[in-house]
Amino acid sequence: MSPLNIEQGSSSHSAYDLRSHMSDVVEVHTLAILVENEPGVLARVIGLFSGRGYNIESLTVAEVDHTGRRSRITIVTSGTPQVIHQIKMQLERMVPVHEVADLTVEGPHVSRELALIKVFAKGESRVESLRIAEIFRANVVDSTLESFIFEMTGTPEKIDAFADLMRPLGEVRMARTGVAAMARGL
Amino acid sequence: MTQMTGARMVVEALKEQGVDTVFGYPGGAVLPIYDEIFQQNEIRHILVRHEQGAVHAAEGYARSTGKPGVVLVTSGPGATNAVTGLTDALMDSIPIVCLTGQVPTFMIGSDAFQEADTVGITRPCTKMNWLVKETDTLSGTIHEAFHIATSGRPGPVLIDIPKDVQFATGAYSNKPKVSKSHYQPRVKGDPEIITALVEAMETAERPIFYTGGGVINSGPAANQLLRELVEATGFPITSTLMGLGSYPANGDKWLGMLGMHGLYEANLAMHGCDLMINIGARFDDRITGRIADFSPNSRKAHIDIDPSSINKVIHADFPIVGDVGHVLEDLLRIWKSRGRKTNSAAVKQWWAQIEEWKKTRCLDYKPSEATIKPQYALERLEALTKNHDRYICTEVGQHQMWAAQFLGFNDPNRWMTSGGLGTMGYGTPASIGVQIAHPGALVINVAGEASWLMNMQEMGTAVQYRLPVKQFILNNERLGMVRQWQELLHGERYSHSWSEALPDFVKLAEAFGAKGIMVSDPKDLDDAIMEMLNYDGPVIFDCLVEKHENCFPMIPSGKAHNEMLLGEAETQGAIQAGGAVLV
Ligand SMILES: Cc1ncc(C[n+]2csc(CCOP(=O)(O)OP(=O)(O)O)c2C)c(N)n1
Ligand SMILES: [Mg+2]
C-alpha cells in the first residue's frame with residue numbers, strides 16, 4: 001500500500017501519476033543520446049525527465065561532431081523495465097534527437113567517469129593516501145603541504161571505493177564529471 | 001535568393017505554406033509583422049479578444065479542416081496567455097503554428113519590458129519550438145515548423161521572433177519541394193505484424209474496433225478505409241471522445257462512445273472482447289478504468305504513429321507503428337488477399353450478446369414536464385439540426401459528455417472538444433475558428449454556463465466578423481461536473497460548485513450586439529431552438545435546465561468497465577476512498 005492508501009495497480013491510470021512499480025524490479029540503465037547541438041536541446045531532454053518523473057543518476061553532454069553539430073548525452077537512469085522503455089520511446093520522438101541507444105540492453109559497454117578528489121591529510125595518513133592512490137592508479141595533479149588533488153578515471157563504483165578509503169585519512173572533497181559510456185565493438 | 005525583411009518573410013512563408021487565416025492579437029514586439037499583414041490581402045487576420053482565444057480558434061480551424069492553425073501574438077503576456085491553448089493542442093494532437101514576438105536580441109536577458117522566456121515556458125507544451133536569432137534562418141525555420149506540426153503525430157510548434165530579426169534584412173529561402181528535415185516519422189506499419197493481426201481477426205470470436213482521434217488526424221482516406229473495414233468484417237466499433245465521427249453514428253456497427261461516461265454496451269464489449277483493435281487511440285485513463293481489470297481476456301492490437309504511445313499503459317500483443325491510413329490500407333489488402341475470412345458464426349453470437357446489453361438503454365433518463373432536462377435539450381437540438389451542414393464544439397463538463405452521448409456524428413472533423421486537457425473556455429473561440437473555415441455552415445457551441453464565461457470575450461470577435469455561431473448554453477447554475485463528483489465522492493458537500501451572480505445572458509448578448517434567447521419551459525424549447533437557427537447572426541441561447549441532473553453511465557475512477565454506474569439508485573457507496581484520490 002502506498003502512503004495514499006491506494007490499492008496497488010489502481011493508481012496508474014489517474015491523470016496524476018501515482019504509479020507504484022512495486023512488483024517490478026528497478027534497474028539502472030545507461031542511455032546514449034545523439035542530439036542536434038542547438039540551443040535548448042539539453043533543457044528539452046532534462047525537462048522530459050523532470051516533467052514525467054523519471055530519475056537522472058548521472059548526465060554528461062558535449063559536442064562530439066563539430067562539423068555535423070551533434071552532441072552526445074549520456075544519461076544513467078533507473079526505473080522498472082517498462083519505465084526505461086518508455087523513457088527511450090519518449091526521447092526518440094523528440095524532434096532534435098537523432099538516435100537513442102540503451103547501452104545496458106544492447107550488450108557489453110564501457111562506462112568511465114573522471115573525478116578530481118582533494119584529500120586533506122597529515123603525517124602517516126598523507127603517506128597512506130599516496131599508497132592507496134597508487135593501487136587505484138590515481139594521479140597526483142596538485143599538492144600543498146596539507147592536501148593532494150588526485151585525478152582518476154574509472155567506473156563510478158571504483159571512484160566511490162577510492163573516496164571511501166580516503167575518508168578515514170582526512171577531509172575529502174570531490175568534483176566528478178558523470179559517466180561517459182560507449183558500446184564495445186561495432 | 002530574394003532579400004527581404006524578417007517581417008516580410010513571415011508573411012511570404014505563410015503564403016507559401018498555403019495559409020489563408022491567422023488568428024492573432026498585436027503588441028509592441030510584433031508590430032513589423034502586423035505592418036506587413038496590413039499591406040497585403042491574401043492572408044486574413046482575425047483579431048481575437050484574448051490570446052488563449054486565438055489558439056483555441058486556430059484549433060477549431062485546424063480540427064474542422066485538417067489544415068494547421070496559425071497564431072500570431074506578441075511577447076511576454078501575449079505568449080503566456082497562449083500557453084493553455086498550446087497545451088490543449090499538444091494533448092489532443094492538433095497542428096498549430098504559433099508565432100510570438102520577442103524583445104530585440106540585444107535586450108534578451110535584461111528583464112526588458114514584456115520580456116518572457118517564451119521558449120523556456122513553452123518547451124513542455126509544444127512539440128518543438130525555436131528562438132530565431134538571425135533573419136537568414138527565419139524562413140527556413142517557418143517551413144520546418146509547418147513540417148513538424150503536421151507530420152507524424154501532429155502538435156503545436158512555436159517560433160519566437162525578436163523584433164530586430166523582424167526589422168533586419170536577410171535571404172528568403174523557399175519552401176523545400178521535399179522536406180530536408182531529419183524528422184521523418186515512419187508511416188508504414190510492419191507487414192509481418194499486420195499479417196499476424198489479420199490472422200487473429202480471421203479467428204476472433206469477440207472482436208472490437210476501438211478508434212480514436214488518430215483516425216481523424218490521419219485524414220479522409222483513413223476514415224474511408226475504416227468504414228470499409230468495419231462494413232467488410234462486420235465487427236462492432238466504439239470510439240473515444242476524440243474519435244467521434246470517423247465511423248458514422250448512424251452506421252449499424254456503431255456501439256457509441258466508450259469510457260468513463262461511455263455507453264454500457266461499448267464498455268462491456270471492451271471488457272468482454274477477445275480481440276481489441278485499437279486504431280489511433282492511446283488507452284487514456286478515461287478509457288481504461290482500472291488497468292488491472294482492463295479487458296482481461298483479450299489480445300490487443302495497437303496502431304499508432306507515435307511509438308511512445310504503444311506499451312505505455314497497456315501491453316500490445318500486436319504493436320503497429322505507422323499512420324492509420326497506411327496501416328489500414330495494408331491491413332485491408334492482406335485480409336482480402338487471404339480470402340476475407342472472419343469467424344462469422346462466433347461474431348454473430350457476439351452481436352447477440354451486444355444486443356442484450358443494448359437493452360439496458362443506458363442513456364434513458366427521467367423525463368420531466370416542469371423543467372428542461374439537459375439530455376432532452378440535446379435530443380431536441382439533435383432532432384432539429386441533424387440534417388444541417390453542422391459542426392459542434394463544446395466546453396468542458398457534464399454538458400460535454402451529454403453532447404457526446406446524445407448528438408450523432410456521421411462524418412469526421414465535425415466535433416471539436418477539449419479531450420486531453422479538458423479546458424473550460426475552449427468552445428467559444430473554437431466555434432469562431434470553425435465558422436471562419438466554414439462560413440456557410442451551422443456552428444454550435446454546446447456549453448455550460450461556467451465554462452462559457454471563461455472566454456466569453458470572444459463574442460466580440462463573433463460580432464465583429466459577423467460569424468453566426470450559436471452558443472447553446474445548458475445553464476444548470478452549477479459547475480455541474482464538479483457538483484456531481486462532490487455528490488458521489490465528497491458526502492454531498494458542495495464546496496464552491498455554484499455559479500453564483502450569473503449575468504443575464506440575454507442582456508449580455510445584446511450588449512455584445514448579438515441575439516439572446518432564454519428558455520426554461522420544455523414546451524417552448526423547440527420554438528426557441530428554431531428561433532436560434534433562423535437568426536442570421538451570433539446567438540447566446542440560455543437554456544435553463546434541471547440543476548441537479550447527473551451524467552450517467554459513469555465508471556468511477558479506479559473501477560473497471562464492468563463496474564459501471566447506470567443511474568441514481570446504484571450510486572450509494574459505489575466509490576470508495578481509493579477512487580477519490582484519482583481524478
Ligand atoms: C480551466 C478549467 N478549470 C477547471 C476545470 C475543472 N472543471 C471541470 S468541469 C467543471 C465545471 C464546468 O461547469 P459548466 O461549464 O457549467 O458545465 P456543467 O458541468 O455544469 O455542464 C470544472 C470546474 C476545468 N476542466 N478547466
Ligand atoms: Mg453548469
# chains A, B, ... in the order shown; residues from 1 in each chain; ligands from 1
>>> closest_atom_pairs(of="chain B", to="chain A", cutoff="10 Å", atoms="only C-alpha atoms", output="Markdown table")
| residue | atom | partner | partner_atom | distance |
| --- | --- | --- | --- | --- |
| B:Val119 | CA | A:Gly40 | CA | 8.3 |
| B:Gly120 | CA | A:Gly40 | CA | 8.1 |
| B:Arg123 | CA | A:Arg44 | CA | 6.8 |
| B:Pro124 | CA | A:Gly47 | CA | 7.1 |
| B:Lys127 | CA | A:Val95 | CA | 7.6 |
| B:Met128 | CA | A:Val95 | CA | 6.7 |
| B:Asn129 | CA | A:Gly40 | CA | 9.1 |
| B:Trp130 | CA | A:Pro39 | CA | 8.4 |
| B:Leu131 | CA | A:Pro39 | CA | 8.5 |
| B:Ile148 | CA | A:Val95 | CA | 8.0 |
| B:Gly152 | CA | A:Arg93 | CA | 9.4 |
| B:Arg153 | CA | A:Arg93 | CA | 9.5 |
| B:Ser181 | CA | A:Val95 | CA | 9.7 |
| B:His182 | CA | A:His98 | CA | 7.9 |
| B:Tyr183 | CA | A:Val95 | CA | 6.3 |
| B:Gln184 | CA | A:Val95 | CA | 9.5 |
| B:Pro185 | CA | A:Arg93 | CA | 8.6 |
| B:Phe283 | CA | A:His13 | CA | 9.2 |
| B:Asp284 | CA | A:His13 | CA | 7.5 |
| B:Asp285 | CA | A:His13 | CA | 4.6 |
| B:Arg286 | CA | A:His13 | CA | 8.0 |
| B:Ile287 | CA | A:His13 | CA | 9.2 |
| B:Thr288 | CA | A:His13 | CA | 7.5 |
| B:Gly289 | CA | A:His13 | CA | 6.9 |
| B:Arg290 | CA | A:Ser10 | CA | 5.7 |
| B:Ile291 | CA | A:His13 | CA | 6.7 |
| B:Ala292 | CA | A:Gly9 | CA | 6.3 |
| B:Asp293 | CA | A:Ser10 | CA | 9.4 |
| B:Asp306 | CA | A:Arg93 | CA | 7.5 |
| B:Pro307 | CA | A:Met89 | CA | 6.4 |
| B:Ser308 | CA | A:Met89 | CA | 4.7 |
| B:Ser309 | CA | A:Met89 | CA | 8.5 |
| B:Ile310 | CA | A:Gln86 | CA | 9.0 |
| B:Asn311 | CA | A:Gln86 | CA | 8.0 |
| B:Lys312 | CA | A:Gln86 | CA | 6.4 |
| B:Val313 | CA | A:His13 | CA | 7.9 |
| B:His315 | CA | A:Gln82 | CA | 9.8 |
| B:Gly420 | CA | A:Ala15 | CA | 9.7 |
| B:Leu421 | CA | A:Ala15 | CA | 9.9 |
| B:Ser557 | CA | A:Ser14 | CA | 7.7 |
| B:Gly558 | CA | A:Ser10 | CA | 5.7 |
| B:Lys559 | CA | A:Ser10 | CA | 8.2 |
| B:Ala560 | CA | A:Ser10 | CA | 9.8 |
| B:Ala577 | CA | A:Ile6 | CA | 8.2 |
| B:Gly578 | CA | A:Ile6 | CA | 5.1 |
| B:Gly579 | CA | A:Ile6 | CA | 8.0 |
| B:Ala580 | CA | A:Ile6 | CA | 9.6 |
| B:Val581 | CA | A:Leu4 | CA | 8.0 |
| B:Leu582 | CA | A:Ser14 | CA | 5.2 |
| B:Val583 | CA | A:Ser14 | CA | 6.0 |
>>> residues_near_ligand(ligand="ligand 1", cutoff="10 Å", atoms="only C-alpha atoms and all ligand atoms", output="PyMOL selection string")
chain B and resi 84+374+394-403+418-419+421-426+446-454+473-485+496-499+545+547-551
>>> write_last_selection(atoms="C-alpha atoms", output="mmCIF file, in the first residue's frame")
data_model
loop_
_atom_site.group_PDB
_atom_site.id
_atom_site.type_symbol
_atom_site.label_atom_id
_atom_site.label_comp_id
_atom_site.auth_asym_id
_atom_site.auth_seq_id
_atom_site.Cartn_x
_atom_site.Cartn_y
_atom_site.Cartn_z
ATOM 1 C CA THR B 84 -3.226 26.980 -22.172
ATOM 2 C CA PRO B 374 -30.243 18.673 -20.318
ATOM 3 C CA THR B 394 -18.211 22.028 -26.627
ATOM 4 C CA GLU B 395 -16.894 23.370 -23.390
ATOM 5 C CA VAL B 396 -15.931 21.025 -20.554
ATOM 6 C CA GLY B 397 -18.241 19.420 -18.028
ATOM 7 C CA GLN B 398 -21.448 17.422 -17.926
ATOM 8 C CA HIS B 399 -22.827 19.171 -20.996
ATOM 9 C CA GLN B 400 -19.785 17.969 -22.945
ATOM 10 C CA MET B 401 -20.434 14.350 -22.032
ATOM 11 C CA TRP B 402 -24.139 14.640 -22.771
ATOM 12 C CA ALA B 403 -23.322 16.194 -26.132
ATOM 13 C CA SER B 418 -11.108 19.556 -25.470
ATOM 14 C CA GLY B 419 -10.374 15.955 -24.579
ATOM 15 C CA LEU B 421 -6.600 18.756 -21.217
ATOM 16 C CA GLY B 422 -10.303 19.321 -20.529
ATOM 17 C CA THR B 423 -10.045 23.065 -20.982
ATOM 18 C CA MET B 424 -13.087 25.059 -19.888
ATOM 19 C CA GLY B 425 -13.257 28.052 -22.220
ATOM 20 C CA TYR B 426 -12.287 26.052 -25.301
ATOM 21 C CA VAL B 446 -22.711 23.270 -26.602
ATOM 22 C CA ALA B 447 -21.645 24.983 -23.388
ATOM 23 C CA GLY B 448 -22.041 25.011 -19.645
ATOM 24 C CA GLU B 449 -22.656 28.434 -18.169
ATOM 25 C CA ALA B 450 -19.456 28.308 -16.095
ATOM 26 C CA SER B 451 -17.184 27.248 -18.936
ATOM 27 C CA TRP B 452 -18.787 29.701 -21.281
ATOM 28 C CA LEU B 453 -17.879 32.635 -19.042
ATOM 29 C CA MET B 454 -14.194 31.705 -19.281
ATOM 30 C CA ILE B 473 -25.656 27.093 -23.015
ATOM 31 C CA LEU B 474 -27.050 24.327 -20.823
ATOM 32 C CA ASN B 475 -27.394 26.526 -17.771
ATOM 33 C CA ASN B 476 -27.675 24.484 -14.586
ATOM 34 C CA GLU B 477 -26.271 27.319 -12.454
ATOM 35 C CA ARG B 478 -23.726 24.818 -11.252
ATOM 36 C CA LEU B 479 -20.234 23.660 -12.008
ATOM 37 C CA GLY B 480 -22.202 20.561 -12.781
ATOM 38 C CA MET B 481 -19.422 18.040 -13.205
ATOM 39 C CA VAL B 482 -17.735 19.232 -10.013
ATOM 40 C CA ARG B 483 -21.071 19.092 -8.217
ATOM 41 C CA GLN B 484 -21.608 15.526 -9.436
ATOM 42 C CA TRP B 485 -18.243 14.380 -8.054
ATOM 43 C CA HIS B 496 -17.814 26.245 -4.382
ATOM 44 C CA SER B 497 -19.587 24.449 -7.182
ATOM 45 C CA TRP B 498 -22.332 27.014 -7.574
ATOM 46 C CA SER B 499 -22.352 29.521 -10.418
ATOM 47 C CA VAL B 545 -32.004 23.152 -17.300
ATOM 48 C CA LYS B 547 -29.871 21.870 -11.800
ATOM 49 C CA HIS B 548 -29.108 18.536 -10.176
ATOM 50 C CA GLU B 549 -29.033 16.108 -13.048
ATOM 51 C CA ASN B 550 -26.089 13.685 -13.006
ATOM 52 C CA CYS B 551 -24.354 12.323 -16.049
#
>>> select_by_dssp(residues="range 6-176 of chain A", states="alpha helix (DSSP H)", output="MDAnalysis selection string")
chainID A and resid 41:51 81:92 103:106 123:135 156:166
>>> write_last_selection(atoms="N, CA and C atoms", output="compact mmCIF listing (two decimals), in the first residue's frame")
# COMPACT_ATOMS: atom_id res chain seq x y z
N VAL A 41 18.37 22.20 -26.40
CA VAL A 41 18.18 20.75 -26.55
C VAL A 41 18.40 20.02 -25.23
N LEU A 42 19.38 20.48 -24.46
CA LEU A 42 19.62 19.84 -23.16
C LEU A 42 18.44 20.10 -22.22
N ALA A 43 17.94 21.33 -22.24
CA ALA A 43 16.78 21.67 -21.41
C ALA A 43 15.59 20.79 -21.78
N ARG A 44 15.46 20.50 -23.06
CA ARG A 44 14.35 19.68 -23.53
C ARG A 44 14.47 18.25 -22.98
N VAL A 45 15.68 17.72 -23.05
CA VAL A 45 15.90 16.35 -22.57
C VAL A 45 15.70 16.28 -21.05
N ILE A 46 16.28 17.24 -20.34
CA ILE A 46 16.14 17.23 -18.88
C ILE A 46 14.68 17.47 -18.49
N GLY A 47 14.01 18.36 -19.23
CA GLY A 47 12.61 18.65 -18.95
C GLY A 47 11.74 17.40 -19.08
N LEU A 48 12.09 16.53 -20.00
CA LEU A 48 11.35 15.28 -20.14
C LEU A 48 11.46 14.46 -18.86
N PHE A 49 12.67 14.40 -18.32
CA PHE A 49 12.89 13.59 -17.11
C PHE A 49 12.16 14.19 -15.92
N SER A 50 12.26 15.53 -15.74
CA SER A 50 11.59 16.12 -14.57
C SER A 50 10.07 16.13 -14.78
N GLY A 51 9.65 16.44 -16.00
CA GLY A 51 8.21 16.54 -16.26
C GLY A 51 7.48 15.22 -16.09
N PRO A 81 11.57 -1.96 -15.99
CA PRO A 81 11.78 -2.14 -17.43
C PRO A 81 10.77 -1.35 -18.26
N GLN A 82 9.54 -1.29 -17.80
CA GLN A 82 8.50 -0.56 -18.55
C GLN A 82 8.83 0.93 -18.60
N VAL A 83 9.29 1.47 -17.49
CA VAL A 83 9.63 2.89 -17.44
C VAL A 83 10.84 3.19 -18.32
N ILE A 84 11.84 2.32 -18.25
CA ILE A 84 13.04 2.53 -19.07
C ILE A 84 12.67 2.51 -20.56
N HIS A 85 11.79 1.58 -20.93
CA HIS A 85 11.35 1.51 -22.33
C HIS A 85 10.64 2.80 -22.72
N GLN A 86 9.79 3.27 -21.83
CA GLN A 86 9.04 4.49 -22.10
C GLN A 86 9.99 5.70 -22.23
N ILE A 87 11.01 5.76 -21.40
CA ILE A 87 11.99 6.85 -21.47
C ILE A 87 12.63 6.86 -22.86
N LYS A 88 13.02 5.67 -23.32
CA LYS A 88 13.67 5.58 -24.63
C LYS A 88 12.71 6.05 -25.74
N MET A 89 11.46 5.60 -25.66
CA MET A 89 10.48 5.99 -26.67
C MET A 89 10.23 7.50 -26.64
N GLN A 90 10.12 8.05 -25.44
CA GLN A 90 9.87 9.48 -25.30
C GLN A 90 11.05 10.29 -25.84
N LEU A 91 12.26 9.80 -25.61
CA LEU A 91 13.44 10.51 -26.12
C LEU A 91 13.47 10.44 -27.64
N GLU A 92 13.18 9.26 -28.17
CA GLU A 92 13.28 9.06 -29.62
C GLU A 92 12.32 9.94 -30.39
N LEU A 103 22.48 1.33 -23.80
CA LEU A 103 23.71 0.54 -23.79
C LEU A 103 23.58 -0.69 -22.90
N THR A 104 22.81 -0.55 -21.84
CA THR A 104 22.64 -1.66 -20.91
C THR A 104 21.95 -2.84 -21.58
N VAL A 105 21.01 -2.54 -22.47
CA VAL A 105 20.28 -3.60 -23.16
C VAL A 105 21.06 -4.11 -24.35
N GLU A 106 21.77 -3.20 -25.02
CA GLU A 106 22.36 -3.57 -26.30
C GLU A 106 23.60 -4.44 -26.17
N GLY A 123 50.90 13.73 8.05
CA GLY A 123 51.73 12.67 8.62
C GLY A 123 51.54 11.34 7.92
N GLU A 124 51.37 10.29 8.72
CA GLU A 124 51.27 8.93 8.19
C GLU A 124 50.08 8.79 7.23
N SER A 125 48.98 9.51 7.55
CA SER A 125 47.78 9.45 6.69
C SER A 125 48.09 9.97 5.29
N ARG A 126 48.92 11.00 5.26
CA ARG A 126 49.29 11.59 3.97
C ARG A 126 50.03 10.56 3.12
N VAL A 127 50.90 9.81 3.75
CA VAL A 127 51.65 8.78 3.02
C VAL A 127 50.70 7.66 2.58
N GLU A 128 49.80 7.30 3.49
CA GLU A 128 48.85 6.22 3.18
C GLU A 128 47.97 6.60 1.98
N SER A 129 47.59 7.88 1.93
CA SER A 129 46.73 8.29 0.81
C SER A 129 47.46 8.11 -0.52
N LEU A 130 48.76 8.36 -0.51
CA LEU A 130 49.54 8.17 -1.74
C LEU A 130 49.61 6.69 -2.13
N ARG A 131 49.75 5.83 -1.10
CA ARG A 131 49.83 4.38 -1.37
C ARG A 131 48.53 3.89 -2.01
N ILE A 132 47.40 4.33 -1.42
CA ILE A 132 46.10 3.89 -1.97
C ILE A 132 45.93 4.42 -3.40
N ALA A 133 46.36 5.66 -3.60
CA ALA A 133 46.23 6.27 -4.94
C ALA A 133 46.98 5.44 -5.97
N GLU A 134 48.12 4.93 -5.57
CA GLU A 134 48.91 4.12 -6.50
C GLU A 134 48.15 2.86 -6.90
N ILE A 135 47.57 2.22 -5.87
CA ILE A 135 46.81 0.98 -6.15
C ILE A 135 45.66 1.26 -7.10
N PRO A 156 32.00 4.50 -11.90
CA PRO A 156 31.55 5.24 -10.71
C PRO A 156 31.81 4.46 -9.43
N GLU A 157 31.70 3.15 -9.49
CA GLU A 157 31.92 2.32 -8.29
C GLU A 157 33.35 2.42 -7.83
N LYS A 158 34.27 2.42 -8.80
CA LYS A 158 35.69 2.50 -8.43
C LYS A 158 35.99 3.84 -7.76
N ILE A 159 35.40 4.90 -8.29
CA ILE A 159 35.63 6.23 -7.71
C ILE A 159 35.03 6.28 -6.30
N ASP A 160 33.85 5.70 -6.14
CA ASP A 160 33.23 5.65 -4.80
C ASP A 160 34.14 4.90 -3.83
N ALA A 161 34.67 3.78 -4.28
CA ALA A 161 35.51 2.95 -3.40
C ALA A 161 36.76 3.72 -2.98
N PHE A 162 37.35 4.44 -3.93
CA PHE A 162 38.54 5.23 -3.64
C PHE A 162 38.24 6.30 -2.58
N ALA A 163 37.12 7.01 -2.79
CA ALA A 163 36.76 8.07 -1.85
C ALA A 163 36.48 7.49 -0.46
N ASP A 164 35.84 6.33 -0.44
CA ASP A 164 35.54 5.70 0.86
C ASP A 164 36.82 5.37 1.63
N LEU A 165 37.85 4.94 0.89
CA LEU A 165 39.11 4.61 1.55
C LEU A 165 39.83 5.86 2.04
N MET A 166 39.64 6.96 1.34
CA MET A 166 40.34 8.20 1.69
C MET A 166 39.71 8.87 2.93
>>> select_by_dssp(residues="range 78-200 of chain B", states="strand (DSSP E)", output="VMD selection string")
chain B and resid 96 to 102 128 to 131 156 to 162 169 to 172
>>> atom_distance(atom1="CA of Ala437 in chain B", atom2="CA of Gly60 in chain B")
8.7 Å
>>> closest_atom_pairs(of="range 110-172 of chain A", to="range 66-78 of chain A", cutoff="12 Å", atoms="only C-alpha atoms", output="Markdown table")
| residue | atom | partner | partner_atom | distance |
| --- | --- | --- | --- | --- |
| A:Ser111 | CA | A:Thr74 | CA | 9.9 |
| A:Arg112 | CA | A:Thr74 | CA | 10.9 |
| A:Glu113 | CA | A:Thr74 | CA | 11.1 |
| A:Pro156 | CA | A:Val76 | CA | 10.9 |
>>> decode(residues="range 111-133 of chain B", atoms="N, CA and C atoms", output="PDB file, in the first residue's frame")
ATOM      1  N   ASP B 111      15.563  41.533 -18.563  1.00  0.00           N
ATOM      2  CA  ASP B 111      14.248  41.822 -17.975  1.00  0.00           C
ATOM      3  C   ASP B 111      13.623  43.036 -18.653  1.00  0.00           C
ATOM      4  N   ALA B 112      13.699  43.059 -19.955  1.00  0.00           N
ATOM      5  CA  ALA B 112      13.142  44.157 -20.730  1.00  0.00           C
ATOM      6  C   ALA B 112      11.622  44.167 -20.617  1.00  0.00           C
ATOM      7  N   PHE B 113      11.023  45.286 -20.994  1.00  0.00           N
ATOM      8  CA  PHE B 113       9.571  45.397 -20.960  1.00  0.00           C
ATOM      9  C   PHE B 113       8.949  44.300 -21.828  1.00  0.00           C
ATOM     10  N   GLN B 114       8.005  43.585 -21.264  1.00  0.00           N
ATOM     11  CA  GLN B 114       7.299  42.480 -21.936  1.00  0.00           C
ATOM     12  C   GLN B 114       8.248  41.392 -22.420  1.00  0.00           C
ATOM     13  N   GLU B 115       9.342  41.200 -21.692  1.00  0.00           N
ATOM     14  CA  GLU B 115      10.197  40.061 -21.997  1.00  0.00           C
ATOM     15  C   GLU B 115       9.738  38.877 -21.156  1.00  0.00           C
ATOM     16  N   ALA B 116       9.623  37.723 -21.781  1.00  0.00           N
ATOM     17  CA  ALA B 116       9.412  36.478 -21.038  1.00  0.00           C
ATOM     18  C   ALA B 116      10.235  35.414 -21.752  1.00  0.00           C
ATOM     19  N   ASP B 117      10.659  34.419 -21.020  1.00  0.00           N
ATOM     20  CA  ASP B 117      11.422  33.320 -21.624  1.00  0.00           C
ATOM     21  C   ASP B 117      10.423  32.396 -22.329  1.00  0.00           C
ATOM     22  N   THR B 118       9.973  32.851 -23.496  1.00  0.00           N
ATOM     23  CA  THR B 118       8.874  32.147 -24.171  1.00  0.00           C
ATOM     24  C   THR B 118       9.259  30.725 -24.558  1.00  0.00           C
ATOM     25  N   VAL B 119      10.446  30.530 -25.122  1.00  0.00           N
ATOM     26  CA  VAL B 119      10.798  29.147 -25.489  1.00  0.00           C
ATOM     27  C   VAL B 119      10.952  28.282 -24.238  1.00  0.00           C
ATOM     28  N   GLY B 120      11.421  28.892 -23.145  1.00  0.00           N
ATOM     29  CA  GLY B 120      11.526  28.129 -21.897  1.00  0.00           C
ATOM     30  C   GLY B 120      10.162  27.748 -21.347  1.00  0.00           C
ATOM     31  N   ILE B 121       9.249  28.719 -21.353  1.00  0.00           N
ATOM     32  CA  ILE B 121       7.909  28.467 -20.816  1.00  0.00           C
ATOM     33  C   ILE B 121       7.153  27.461 -21.682  1.00  0.00           C
ATOM     34  N   THR B 122       7.349  27.537 -22.986  1.00  0.00           N
ATOM     35  CA  THR B 122       6.521  26.699 -23.862  1.00  0.00           C
ATOM     36  C   THR B 122       7.201  25.398 -24.287  1.00  0.00           C
ATOM     37  N   ARG B 123       8.408  25.155 -23.820  1.00  0.00           N
ATOM     38  CA  ARG B 123       9.089  23.916 -24.231  1.00  0.00           C
ATOM     39  C   ARG B 123       8.272  22.673 -23.881  1.00  0.00           C
ATOM     40  N   PRO B 124       7.741  22.598 -22.641  1.00  0.00           N
ATOM     41  CA  PRO B 124       6.969  21.382 -22.333  1.00  0.00           C
ATOM     42  C   PRO B 124       5.575  21.345 -22.962  1.00  0.00           C
ATOM     43  N   CYS B 125       5.109  22.435 -23.543  1.00  0.00           N
ATOM     44  CA  CYS B 125       3.755  22.387 -24.095  1.00  0.00           C
ATOM     45  C   CYS B 125       3.750  22.572 -25.609  1.00  0.00           C
ATOM     46  N   THR B 126       4.912  22.358 -26.240  1.00  0.00           N
ATOM     47  CA  THR B 126       4.953  22.349 -27.699  1.00  0.00           C
ATOM     48  C   THR B 126       5.658  21.081 -28.144  1.00  0.00           C
ATOM     49  N   LYS B 127       5.412  20.717 -29.387  1.00  0.00           N
ATOM     50  CA  LYS B 127       6.128  19.574 -29.953  1.00  0.00           C
ATOM     51  C   LYS B 127       7.571  19.992 -30.216  1.00  0.00           C
ATOM     52  N   MET B 128       7.745  21.259 -30.614  1.00  0.00           N
ATOM     53  CA  MET B 128       9.081  21.804 -30.863  1.00  0.00           C
ATOM     54  C   MET B 128       8.947  23.323 -30.838  1.00  0.00           C
ATOM     55  N   ASN B 129       9.995  24.010 -30.412  1.00  0.00           N
ATOM     56  CA  ASN B 129       9.961  25.467 -30.512  1.00  0.00           C
ATOM     57  C   ASN B 129      11.356  26.019 -30.814  1.00  0.00           C
ATOM     58  N   TRP B 130      11.398  27.245 -31.298  1.00  0.00           N
ATOM     59  CA  TRP B 130      12.654  27.855 -31.723  1.00  0.00           C
ATOM     60  C   TRP B 130      12.671  29.328 -31.339  1.00  0.00           C
ATOM     61  N   LEU B 131      13.838  29.804 -30.946  1.00  0.00           N
ATOM     62  CA  LEU B 131      14.074  31.244 -30.856  1.00  0.00           C
ATOM     63  C   LEU B 131      14.963  31.577 -32.055  1.00  0.00           C
ATOM     64  N   VAL B 132      14.457  32.402 -32.969  1.00  0.00           N
ATOM     65  CA  VAL B 132      15.221  32.709 -34.178  1.00  0.00           C
ATOM     66  C   VAL B 132      16.070  33.945 -33.929  1.00  0.00           C
ATOM     67  N   LYS B 133      17.386  33.797 -34.065  1.00  0.00           N
ATOM     68  CA  LYS B 133      18.261  34.926 -33.740  1.00  0.00           C
ATOM     69  C   LYS B 133      18.821  35.609 -34.976  1.00  0.00           C
TER      70      LYS B 133
END
